[in-house]
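J.: Below is the file model-v4.json, with JSON, C-alpha atoms.
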```json
[["chain", "number", "residue", "atom", "x", "y", "z"],
["A", 1, "MET", "CA", -38.10, -246.44, -82.64],
["A", 2, "ALA", "CA", -40.97, -244.00, -83.10],
["A", 3, "PHE", "CA", -40.52, -240.90, -85.20],
["A", 4, "LYS", "CA", -41.19, -238.05, -82.75],
["A", 5, "ILE", "CA", -41.27, -234.30, -83.14],
["A", 6, "LYS", "CA", -40.45, -231.96, -80.27],
["A", 7, "PRO", "CA", -43.28, -229.53, -79.33],
["A", 8, "ASN", "CA", -41.32, -226.44, -80.39],
["A", 9, "ILE", "CA", -40.44, -228.06, -83.73],
["A", 10, "LEU", "CA", -44.09, -229.05, -84.19],
["A", 11, "ILE", "CA", -45.19, -225.44, -83.75],
["A", 12, "GLN", "CA", -42.60, -224.34, -86.31],
["A", 13, "VAL", "CA", -43.77, -227.01, -88.74],
["A", 14, "LEU", "CA", -47.41, -225.95, -88.39],
["A", 15, "LEU", "CA", -46.51, -222.30, -88.91],
["A", 16, "ILE", "CA", -44.41, -223.14, -91.97],
["A", 17, "LEU", "CA", -47.16, -225.32, -93.46],
["A", 18, "ALA", "CA", -49.71, -222.57, -92.88],
["A", 19, "SER", "CA", -47.39, -220.10, -94.58],
["A", 20, "PHE", "CA", -46.86, -222.60, -97.40],
["A", 21, "TYR", "CA", -50.61, -222.82, -97.97],
["A", 22, "LEU", "CA", -51.07, -219.04, -97.92],
["A", 23, "LEU", "CA", -48.19, -218.61, -100.35],
["A", 24, "TYR", "CA", -49.11, -221.39, -102.76],
["A", 25, "HIS", "CA", -52.88, -221.94, -102.58],
["A", 26, "HIS", "CA", -53.44, -220.05, -105.85],
["A", 27, "ALA", "CA", -50.61, -221.91, -107.62],
["A", 28, "ILE", "CA", -52.04, -225.23, -106.41],
["A", 29, "ALA", "CA", -55.54, -224.29, -107.61],
["A", 30, "THR", "CA", -54.30, -223.37, -111.11],
["A", 31, "LEU", "CA", -52.20, -226.54, -111.18],
["A", 32, "ILE", "CA", -55.25, -228.69, -110.48],
["A", 33, "SER", "CA", -57.16, -226.73, -113.13],
["A", 34, "ASP", "CA", -54.46, -227.53, -115.71],
["A", 35, "TRP", "CA", -54.59, -231.21, -114.82],
["A", 36, "SER", "CA", -58.36, -231.17, -115.30],
["A", 37, "THR", "CA", -58.43, -229.38, -118.65],
["A", 38, "ASP", "CA", -55.24, -230.50, -120.43],
["A", 39, "PRO", "CA", -55.04, -234.24, -121.19],
["A", 40, "ASN", "CA", -51.28, -233.91, -121.67],
["A", 41, "PHE", "CA", -50.90, -233.41, -117.92],
["A", 42, "SER", "CA", -53.81, -235.37, -116.43],
["A", 43, "HIS", "CA", -51.28, -237.75, -114.86],
["A", 44, "GLY", "CA", -50.51, -234.93, -112.42],
["A", 45, "PHE", "CA", -53.41, -236.02, -110.19],
["A", 46, "LEU", "CA", -51.55, -239.24, -109.36],
["A", 47, "ILE", "CA", -48.10, -237.79, -108.68],
["A", 48, "PRO", "CA", -48.68, -236.39, -105.13],
["A", 49, "PHE", "CA", -50.21, -239.70, -104.02],
["A", 50, "ILE", "CA", -47.35, -241.69, -105.55],
["A", 51, "CYS", "CA", -44.91, -239.36, -103.79],
["A", 52, "LEU", "CA", -46.62, -239.99, -100.45],
["A", 53, "TYR", "CA", -46.46, -243.75, -101.07],
["A", 54, "MET", "CA", -42.74, -243.52, -101.85],
["A", 55, "VAL", "CA", -42.17, -241.70, -98.55],
["A", 56, "TRP", "CA", -44.33, -244.24, -96.70],
["A", 57, "TYR", "CA", -42.25, -247.01, -98.27],
["A", 58, "LYS", "CA", -39.20, -245.53, -96.54],
["A", 59, "LYS", "CA", -40.96, -245.00, -93.21],
["A", 60, "ASN", "CA", -38.97, -247.63, -91.29],
["A", 61, "GLU", "CA", -35.64, -246.16, -92.41],
["A", 62, "ILE", "CA", -36.83, -242.65, -91.57],
["A", 63, "ALA", "CA", -38.01, -243.75, -88.12],
["A", 64, "LEU", "CA", -34.45, -244.77, -87.21],
["A", 65, "ILE", "CA", -33.13, -241.26, -87.80],
["A", 66, "GLU", "CA", -33.01, -238.72, -84.99],
["A", 67, "PRO", "CA", -34.45, -235.41, -86.28],
["A", 68, "THR", "CA", -31.74, -232.75, -86.35],
["A", 69, "PRO", "CA", -33.09, -229.45, -87.76],
["A", 70, "SER", "CA", -30.68, -227.84, -90.20],
["A", 71, "ASN", "CA", -30.11, -224.16, -90.90],
["A", 72, "TRP", "CA", -29.25, -225.13, -94.48],
["A", 73, "GLY", "CA", -32.91, -226.00, -94.85],
["A", 74, "GLY", "CA", -33.78, -222.42, -93.99],
["A", 75, "GLY", "CA", -31.57, -221.26, -96.86],
["A", 76, "ILE", "CA", -33.30, -223.65, -99.27],
["A", 77, "LEU", "CA", -36.64, -222.41, -97.95],
["A", 78, "ILE", "CA", -35.68, -218.82, -98.72],
["A", 79, "VAL", "CA", -34.53, -219.80, -102.23],
["A", 80, "GLY", "CA", -37.89, -221.45, -102.86],
["A", 81, "MET", "CA", -39.81, -218.38, -101.78],
["A", 82, "VAL", "CA", -37.59, -216.09, -103.88],
["A", 83, "LEU", "CA", -38.28, -218.30, -106.91],
["A", 84, "HIS", "CA", -41.99, -218.02, -106.19],
["A", 85, "LEU", "CA", -41.84, -214.25, -105.99],
["A", 86, "ALA", "CA", -39.80, -214.10, -109.21],
["A", 87, "GLY", "CA", -42.30, -216.35, -110.96],
["A", 88, "HIS", "CA", -45.20, -214.30, -109.65],
["A", 89, "ALA", "CA", -43.59, -211.05, -110.79],
["A", 90, "GLY", "CA", -42.99, -212.46, -114.28],
["A", 91, "ALA", "CA", -46.30, -214.38, -114.44],
["A", 92, "GLU", "CA", -44.26, -217.54, -115.02],
["A", 93, "PHE", "CA", -46.40, -220.42, -113.76],
["A", 94, "PHE", "CA", -43.73, -223.08, -114.19],
["A", 95, "LEU", "CA", -41.29, -221.20, -111.96],
["A", 96, "MET", "CA", -43.96, -220.59, -109.33],
["A", 97, "ARG", "CA", -44.90, -224.27, -109.30],
["A", 98, "PHE", "CA", -41.30, -225.45, -109.35],
["A", 99, "SER", "CA", -40.65, -223.24, -106.33],
["A", 100, "MET", "CA", -43.17, -225.37, -104.39],
["A", 101, "VAL", "CA", -40.87, -228.37, -104.71],
["A", 102, "VAL", "CA", -37.84, -226.32, -103.63],
["A", 103, "THR", "CA", -39.75, -224.86, -100.68],
["A", 104, "LEU", "CA", -40.95, -228.31, -99.61],
["A", 105, "ALA", "CA", -37.37, -229.58, -99.73],
["A", 106, "GLY", "CA", -36.38, -226.61, -97.54],
["A", 107, "ILE", "CA", -39.14, -227.35, -95.02],
["A", 108, "ILE", "CA", -38.05, -230.98, -94.66],
["A", 109, "SER", "CA", -34.36, -230.09, -94.34],
["A", 110, "TYR", "CA", -35.03, -227.27, -91.87],
["A", 111, "CYS", "CA", -37.38, -229.24, -89.61],
["A", 112, "TRP", "CA", -35.86, -232.75, -89.74],
["A", 113, "GLY", "CA", -32.36, -232.35, -91.09],
["A", 114, "GLY", "CA", -30.23, -233.56, -93.96],
["A", 115, "LYS", "CA", -30.30, -237.25, -93.01],
["A", 116, "VAL", "CA", -34.08, -237.39, -93.31],
["A", 117, "PHE", "CA", -33.97, -235.39, -96.54],
["A", 118, "LYS", "CA", -31.53, -237.92, -98.06],
["A", 119, "LYS", "CA", -34.18, -240.58, -97.53],
["A", 120, "VAL", "CA", -36.95, -238.63, -99.25],
["A", 121, "TRP", "CA", -35.18, -236.52, -101.87],
["A", 122, "ILE", "CA", -36.21, -238.84, -104.72],
["A", 123, "PRO", "CA", -39.96, -238.57, -103.90],
["A", 124, "ILE", "CA", -39.56, -234.79, -103.59],
["A", 125, "VAL", "CA", -37.81, -234.48, -106.97],
["A", 126, "TYR", "CA", -40.44, -236.85, -108.40],
["A", 127, "LEU", "CA", -43.03, -234.12, -107.75],
["A", 128, "ILE", "CA", -41.55, -232.13, -110.64],
["A", 129, "ILE", "CA", -43.28, -234.55, -113.02],
["A", 130, "MET", "CA", -46.66, -233.14, -111.93],
["A", 131, "ILE", "CA", -45.75, -229.64, -113.19],
["A", 132, "PRO", "CA", -46.92, -228.91, -116.76],
["A", 133, "ILE", "CA", -44.05, -228.18, -119.13],
["A", 134, "PRO", "CA", -44.05, -224.58, -120.39],
["A", 135, "ALA", "CA", -45.69, -224.29, -123.82],
["A", 136, "ILE", "CA", -42.54, -222.89, -125.43],
["A", 137, "LEU", "CA", -40.54, -225.91, -124.26],
["A", 138, "TRP", "CA", -43.34, -228.38, -125.02],
["A", 139, "ASN", "CA", -43.53, -227.19, -128.62],
["A", 140, "LYS", "CA", -39.75, -227.38, -129.06],
["A", 141, "VAL", "CA", -39.85, -231.02, -127.99],
["A", 142, "ALA", "CA", -43.21, -232.12, -129.43],
["A", 143, "PHE", "CA", -42.68, -230.99, -133.02],
["A", 144, "PRO", "CA", -39.32, -232.77, -133.51],
["A", 145, "LEU", "CA", -40.95, -235.87, -132.00],
["A", 146, "GLN", "CA", -43.81, -235.50, -134.50],
["A", 147, "LEU", "CA", -41.35, -235.39, -137.39],
["A", 148, "MET", "CA", -39.33, -238.31, -136.04],
["A", 149, "ALA", "CA", -42.46, -240.41, -135.45],
["A", 150, "ALA", "CA", -43.73, -239.59, -138.96],
["A", 151, "ARG", "CA", -40.38, -240.52, -140.53],
["A", 152, "PHE", "CA", -40.01, -243.84, -138.70],
["A", 153, "SER", "CA", -43.68, -244.70, -139.25],
["A", 154, "SER", "CA", -43.35, -243.94, -142.95],
["A", 155, "ASP", "CA", -40.43, -246.36, -143.22],
["A", 156, "LEU", "CA", -42.31, -249.05, -141.32],
["A", 157, "ILE", "CA", -45.52, -248.52, -143.34],
["A", 158, "HIS", "CA", -43.53, -248.86, -146.56],
["A", 159, "PHE", "CA", -41.82, -251.98, -145.17],
["A", 160, "ILE", "CA", -45.16, -253.78, -144.68],
["A", 161, "GLY", "CA", -46.12, -253.10, -148.28],
["A", 162, "ILE", "CA", -48.33, -250.02, -148.07],
["A", 163, "PRO", "CA", -47.48, -247.20, -150.49],
["A", 164, "VAL", "CA", -46.92, -243.99, -148.55],
["A", 165, "PHE", "CA", -45.49, -240.55, -149.22],
["A", 166, "ARG", "CA", -44.33, -238.44, -146.29],
["A", 167, "GLU", "CA", -44.47, -234.68, -146.37],
["A", 168, "GLY", "CA", -43.15, -233.32, -143.10],
["A", 169, "ASN", "CA", -45.47, -234.69, -140.42],
["A", 170, "ILE", "CA", -48.15, -235.72, -142.94],
["A", 171, "LEU", "CA", -48.43, -239.27, -144.25],
["A", 172, "HIS", "CA", -50.13, -239.52, -147.65],
["A", 173, "LEU", "CA", -51.71, -242.92, -148.34],
["A", 174, "ALA", "CA", -53.52, -243.96, -151.50],
["A", 175, "ASN", "CA", -56.97, -243.36, -150.00],
["A", 176, "THR", "CA", -56.33, -240.71, -147.32],
["A", 177, "SER", "CA", -53.78, -238.47, -145.60],
["A", 178, "LEU", "CA", -52.85, -238.71, -141.95],
["A", 179, "GLU", "CA", -51.35, -235.83, -140.02],
["A", 180, "VAL", "CA", -49.11, -236.64, -137.07],
["A", 181, "VAL", "CA", -50.44, -233.92, -134.79],
["A", 182, "ASP", "CA", -49.21, -232.84, -131.36],
["A", 183, "ALA", "CA", -51.27, -235.53, -129.62],
["A", 184, "CYS", "CA", -49.56, -238.16, -131.79],
["A", 185, "SER", "CA", -46.02, -236.95, -131.03],
["A", 186, "GLY", "CA", -45.79, -239.48, -128.21],
["A", 187, "LEU", "CA", -44.85, -236.84, -125.65],
["A", 188, "ARG", "CA", -48.06, -237.38, -123.70],
["A", 189, "SER", "CA", -47.49, -241.11, -123.37],
["A", 190, "LEU", "CA", -43.81, -240.47, -122.66],
["A", 191, "THR", "CA", -44.55, -238.27, -119.62],
["A", 192, "SER", "CA", -47.11, -240.77, -118.29],
["A", 193, "LEU", "CA", -44.75, -243.71, -118.84],
["A", 194, "ILE", "CA", -41.87, -241.86, -117.15],
["A", 195, "ALA", "CA", -44.13, -241.17, -114.14],
["A", 196, "LEU", "CA", -45.04, -244.85, -113.72],
["A", 197, "THR", "CA", -41.55, -246.14, -114.52],
["A", 198, "GLY", "CA", -40.12, -243.74, -111.94],
["A", 199, "LEU", "CA", -42.14, -245.44, -109.21],
["A", 200, "PHE", "CA", -41.29, -248.89, -110.57],
["A", 201, "ALA", "CA", -37.57, -248.11, -110.59],
["A", 202, "PHE", "CA", -37.76, -246.66, -107.07],
["A", 203, "LEU", "CA", -39.28, -249.89, -105.73],
["A", 204, "ALA", "CA", -37.10, -252.26, -107.78],
["A", 205, "PRO", "CA", -34.53, -254.26, -105.73],
["A", 206, "PHE", "CA", -31.62, -253.10, -107.87],
["A", 207, "THR", "CA", -28.44, -251.10, -107.59],
["A", 208, "ASN", "CA", -28.73, -247.39, -108.41],
["A", 209, "LEU", "CA", -27.26, -247.94, -111.88],
["A", 210, "LYS", "CA", -29.84, -250.56, -112.78],
["A", 211, "LYS", "CA", -32.61, -248.39, -111.34],
["A", 212, "TRP", "CA", -31.53, -245.57, -113.68],
["A", 213, "ILE", "CA", -31.37, -247.94, -116.65],
["A", 214, "LEU", "CA", -34.90, -249.14, -115.90],
["A", 215, "PHE", "CA", -36.14, -245.57, -115.49],
["A", 216, "LEU", "CA", -34.51, -244.27, -118.69],
["A", 217, "SER", "CA", -35.77, -247.27, -120.69],
["A", 218, "ALA", "CA", -39.15, -245.50, -120.70],
["A", 219, "VAL", "CA", -37.87, -243.01, -123.29],
["A", 220, "PRO", "CA", -36.98, -245.37, -126.19],
["A", 221, "ILE", "CA", -39.93, -247.61, -125.33],
["A", 222, "ALA", "CA", -42.40, -244.71, -125.51],
["A", 223, "VAL", "CA", -40.96, -243.57, -128.85],
["A", 224, "ALA", "CA", -41.01, -247.10, -130.29],
["A", 225, "VAL", "CA", -44.59, -247.92, -129.30],
["A", 226, "ASN", "CA", -45.79, -244.57, -130.64],
["A", 227, "VAL", "CA", -44.28, -245.42, -134.04],
["A", 228, "ILE", "CA", -46.02, -248.79, -133.90],
["A", 229, "ARG", "CA", -49.32, -247.09, -133.07],
["A", 230, "LEU", "CA", -49.02, -244.72, -136.02],
["A", 231, "THR", "CA", -48.15, -247.61, -138.29],
["A", 232, "ILE", "CA", -51.18, -249.63, -137.13],
["A", 233, "THR", "CA", -53.41, -246.57, -137.60],
["A", 234, "ALA", "CA", -52.15, -246.09, -141.15],
["A", 235, "ALA", "CA", -52.59, -249.81, -141.91],
["A", 236, "MET", "CA", -56.20, -249.75, -140.67],
["A", 237, "ALA", "CA", -56.90, -246.61, -142.69],
["A", 238, "PHE", "CA", -55.50, -248.23, -145.84],
["A", 239, "TRP", "CA", -56.90, -251.75, -145.48],
["A", 240, "ILE", "CA", -60.22, -251.04, -143.73],
["A", 241, "GLY", "CA", -61.06, -247.40, -144.36],
["A", 242, "PRO", "CA", -60.05, -243.82, -143.46],
["A", 243, "ASP", "CA", -62.69, -243.63, -140.71],
["A", 244, "THR", "CA", -60.75, -246.15, -138.60],
["A", 245, "ALA", "CA", -57.99, -243.57, -138.14],
["A", 246, "HIS", "CA", -60.33, -241.58, -135.91],
["A", 247, "GLY", "CA", -62.81, -242.22, -133.12],
["A", 248, "PHE", "CA", -63.15, -245.32, -130.95],
["A", 249, "LEU", "CA", -60.61, -247.58, -132.66],
["A", 250, "HIS", "CA", -57.99, -244.84, -132.66],
["A", 251, "ASP", "CA", -58.53, -244.12, -128.95],
["A", 252, "MET", "CA", -58.51, -247.81, -128.05],
["A", 253, "SER", "CA", -55.28, -248.36, -129.94],
["A", 254, "GLY", "CA", -53.69, -245.69, -127.74],
["A", 255, "LEU", "CA", -54.70, -247.55, -124.57],
["A", 256, "VAL", "CA", -53.56, -250.90, -125.95],
["A", 257, "ILE", "CA", -50.21, -249.54, -127.09],
["A", 258, "PHE", "CA", -49.64, -247.88, -123.70],
["A", 259, "GLY", "CA", -50.31, -251.28, -122.12],
["A", 260, "VAL", "CA", -47.68, -252.75, -124.44],
["A", 261, "ALA", "CA", -45.25, -250.05, -123.30],
["A", 262, "LEU", "CA", -45.80, -251.06, -119.66],
["A", 263, "LEU", "CA", -45.18, -254.70, -120.57],
["A", 264, "LEU", "CA", -41.92, -253.74, -122.28],
["A", 265, "VAL", "CA", -40.81, -251.82, -119.18],
["A", 266, "TYR", "CA", -41.62, -254.93, -117.14],
["A", 267, "LEU", "CA", -39.58, -257.00, -119.60],
["A", 268, "VAL", "CA", -36.59, -254.71, -118.99],
["A", 269, "TYR", "CA", -37.17, -255.25, -115.27],
["A", 270, "LEU", "CA", -37.16, -259.04, -115.70],
["A", 271, "VAL", "CA", -33.94, -258.93, -117.72],
["A", 272, "GLU", "CA", -32.25, -256.78, -115.07],
["A", 273, "LEU", "CA", -33.60, -259.03, -112.31],
["A", 274, "LYS", "CA", -32.16, -262.08, -114.04],
["A", 275, "ILE", "CA", -28.78, -260.36, -114.39],
["A", 276, "GLU", "CA", -28.94, -259.28, -110.72],
["A", 277, "ASN", "CA", -29.75, -262.81, -109.52],
["A", 278, "LYS", "CA", -27.06, -264.30, -111.75],
["A", 279, "GLY", "CA", -24.51, -261.91, -110.31],
["A", 280, "ARG", "CA", -25.47, -262.86, -106.75],
["A", 281, "THR", "CA", -25.23, -266.57, -107.62],
["A", 282, "ASN", "CA", -21.73, -266.15, -109.06],
["A", 283, "ILE", "CA", -20.60, -264.30, -105.92],
["A", 284, "GLU", "CA", -21.97, -267.06, -103.69]]
```
Show me the file's structure as structure tokens.

T.:
Amino acid sequence: MAFKIKPNILIQVLLILASFYLLYHHAIATLISDWSTDPNFSHGFLIPFICLYMVWYKKNEIALIEPTPSNWGGGILIVGMVLHLAGHAGAEFFLMRFSMVVTLAGIISYCWGGKVFKKVWIPIVYLIIMIPIPAILWNKVAFPLQLMAARFSSDLIHFIGIPVFREGNILHLANTSLEVVDACSGLRSLTSLIALTGLFAFLAPFTNLKKWILFLSAVPIAVAVNVIRLTITAAMAFWIGPDTAHGFLHDMSGLVIFGVALLLVYLVYLVELKIENKGRTNIE
């Protein structure tokens, strides 16, 4: 069954999309600028494409649904535009950008109906990951993560036999001091890992509960691997030299550790898959 749009609905869609562009072109431009200049949010470039893939993945299910435009979608559309105007009036970029997601949800509901929206609501919500977190919220999360990472790393460094004294987010070794700065809080890798794990969980052949478990596993995994990275950095600085805590080796360790995080997420997937298959076997 082909997914068709009636001519009058098509005209409405085109008009709404044109209005969407006129309303949000500045917000989209600044969003892309933030992705380009802030490494904490560079993953944003991938999110729209992943969202489109997630929708494409559901294309056969969507094609079976008869489009039934919903007036509720018009209400959601209005809410999205009001949020945009409120964000614009208060110069609040996060609210303006968040309103894009709400408005898009309204467009889909209004033009194709609630049944279609139920099939694509996860990809639409997924778009929120592309929006940079407000600085005030980022700092409230990043600094506690810095302290936690420093504390756990200090314990692990001491466990492997390296003398260390922790002062807040600073680790004092015998030959140097290492500061667990914002970039080392693990929040950057956490957001990137959540983005990738979200797609992985969406595609996984699991029940909704297991999908959520797989998705949420990204949080403890990201925290754990960041502690391991800090510990390895401190060990290299102590055993090899302070210069190893910066530059090429430090950057490479970040890539390697992120790869380890992805492997751990995959390990969680394999464990859940084994449990899923075992459950099916017992039923049969």

J.: Could you give me, as a PyMOL selection string, the residues within 12 Å of range 159-167 of chain A, counting all atoms listed in the file and dropping anything in the same chain fewer than 3 positions from it?

T.: chain A and resi 146-156+170-180+228+231-232+234-239

J.: Quick one: distance from CA of Cys111 in chain A to CA of Ile28 in chain A in Å, one decimal?

T.: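 Taking CA of Cys111 in chain A and CA of Ile28 in chain A, their separation equals 22.7 Å.
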
J.: For Ile133 in chain A, which residue out of A:Lys278, A:Lys118, A:Arg97, A:His158 is the nearest one, using all atoms listed in the file?

T.: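 Using all atoms listed in the file, the shortest distance to Ile133 in chain A belongs to A:Arg97.
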
J.: I'd like the contact shell of Ile128 in chain A - 10 Å cut-off, all atoms listed in the file, skipping same-chain residues fewer than 5 positions apart - returned as number ranges by chain.

T.: A: 44, 47-48, 94, 97-102, 123, 133

J.: So which residues touch Gly87 in chain A within 12 Å, counting all atoms listed in the file, skipping near sequence neighbours fewer than 3 positions away, as an MDAnalysis selection string?

T.: chainID A and resid 24 27 80:84 90:100

J.: When you draw a straight line from CA of Ile275 in chain A to CA of Val55 in chain A, how long is it in Å?

T.: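 According to the coordinates, CA of Ile275 in chain A and CA of Val55 in chain A are separated by 27.9 Å.
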
J.: So that I can check the surroundings of Ala135 in chain A, please list as a PDB file with C-alpha atoms, in the coordinates of the input every protein, DNA and RNA residue that reaches within 12 Å of it, counting only C-alpha atoms and ignoring chain neighbours fewer than 4 positions away.

T.:
```
ATOM      1  CA  ASP A  38     -55.240-230.500-120.430  1.00  0.00           C
ATOM      2  CA  ASN A  40     -51.280-233.910-121.670  1.00  0.00           C
ATOM      3  CA  GLU A  92     -44.260-217.540-115.020  1.00  0.00           C
ATOM      4  CA  PHE A  93     -46.400-220.420-113.760  1.00  0.00           C
ATOM      5  CA  PHE A  94     -43.730-223.080-114.190  1.00  0.00           C
ATOM      6  CA  ILE A 131     -45.750-229.640-113.190  1.00  0.00           C
ATOM      7  CA  ASN A 139     -43.530-227.190-128.620  1.00  0.00           C
ATOM      8  CA  LYS A 140     -39.750-227.380-129.060  1.00  0.00           C
ATOM      9  CA  VAL A 141     -39.850-231.020-127.990  1.00  0.00           C
ATOM     10  CA  ALA A 142     -43.210-232.120-129.430  1.00  0.00           C
ATOM     11  CA  PHE A 143     -42.680-230.990-133.020  1.00  0.00           C
ATOM     12  CA  ASP A 182     -49.210-232.840-131.360  1.00  0.00           C
TER      13      ASP A 182
END
```

J.: Name the closest residue to Gly75 in chain A among the candidates A:Thr233, A:Thr37, A:Thr30, A:Thr103; distances are taken between atoms, counting all atoms listed in the file.

T.: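 Under the stated criterion, the closest residue is A:Thr103.
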
J.: Restricting the calculation to only C-alpha atoms, which member of A:Lys115, A:His25, A:Arg229, A:Arg188 is positioned closest to His43 in chain A?

T.: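 Of A:Lys115, A:His25, A:Arg229, A:Arg188, the one nearest His43 in chain A is A:Arg188, counting only C-alpha atoms.
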
J.: Can you tell me which residues surround Tyr57 in chain A at a distance of at most 12 Å, considering all atoms listed in the file, apart from same-chain residues fewer than 5 positions away, and format the answer as a CSV table (one decimal) with C-alpha atoms, keeping the file's coordinate frame?

T.:
```csv
chain,number,residue,atom,x,y,z
A,50,ILE,CA,-47.4,-241.7,-105.6
A,51,CYS,CA,-44.9,-239.4,-103.8
A,52,LEU,CA,-46.6,-240.0,-100.4
A,62,ILE,CA,-36.8,-242.6,-91.6
A,63,ALA,CA,-38.0,-243.8,-88.1
A,119,LYS,CA,-34.2,-240.6,-97.5
A,120,VAL,CA,-37.0,-238.6,-99.2
A,123,PRO,CA,-40.0,-238.6,-103.9
A,199,LEU,CA,-42.1,-245.4,-109.2
A,202,PHE,CA,-37.8,-246.7,-107.1
A,203,LEU,CA,-39.3,-249.9,-105.7
```

J.: A:Ala195, A:Leu273, A:Val219, A:Val116: which is nearest Glu61 in chain A, counting only C-alpha atoms?

T.: A:Val116

J.: With all atoms listed in the file as the atoms that count, which of A:Ile240, A:Ile157, A:Ile32, A:Ile107 lies nearest to Trp72 in chain A?

T.: A:Ile107

J.: For a test of reading the model, state the distance in Å between CA of Gly198 in chain A and CA of Leu263 in chain A, rounded to one decimal.

T.: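 Between CA of Gly198 in chain A and CA of Leu263 in chain A the gap works out to 14.8 Å.
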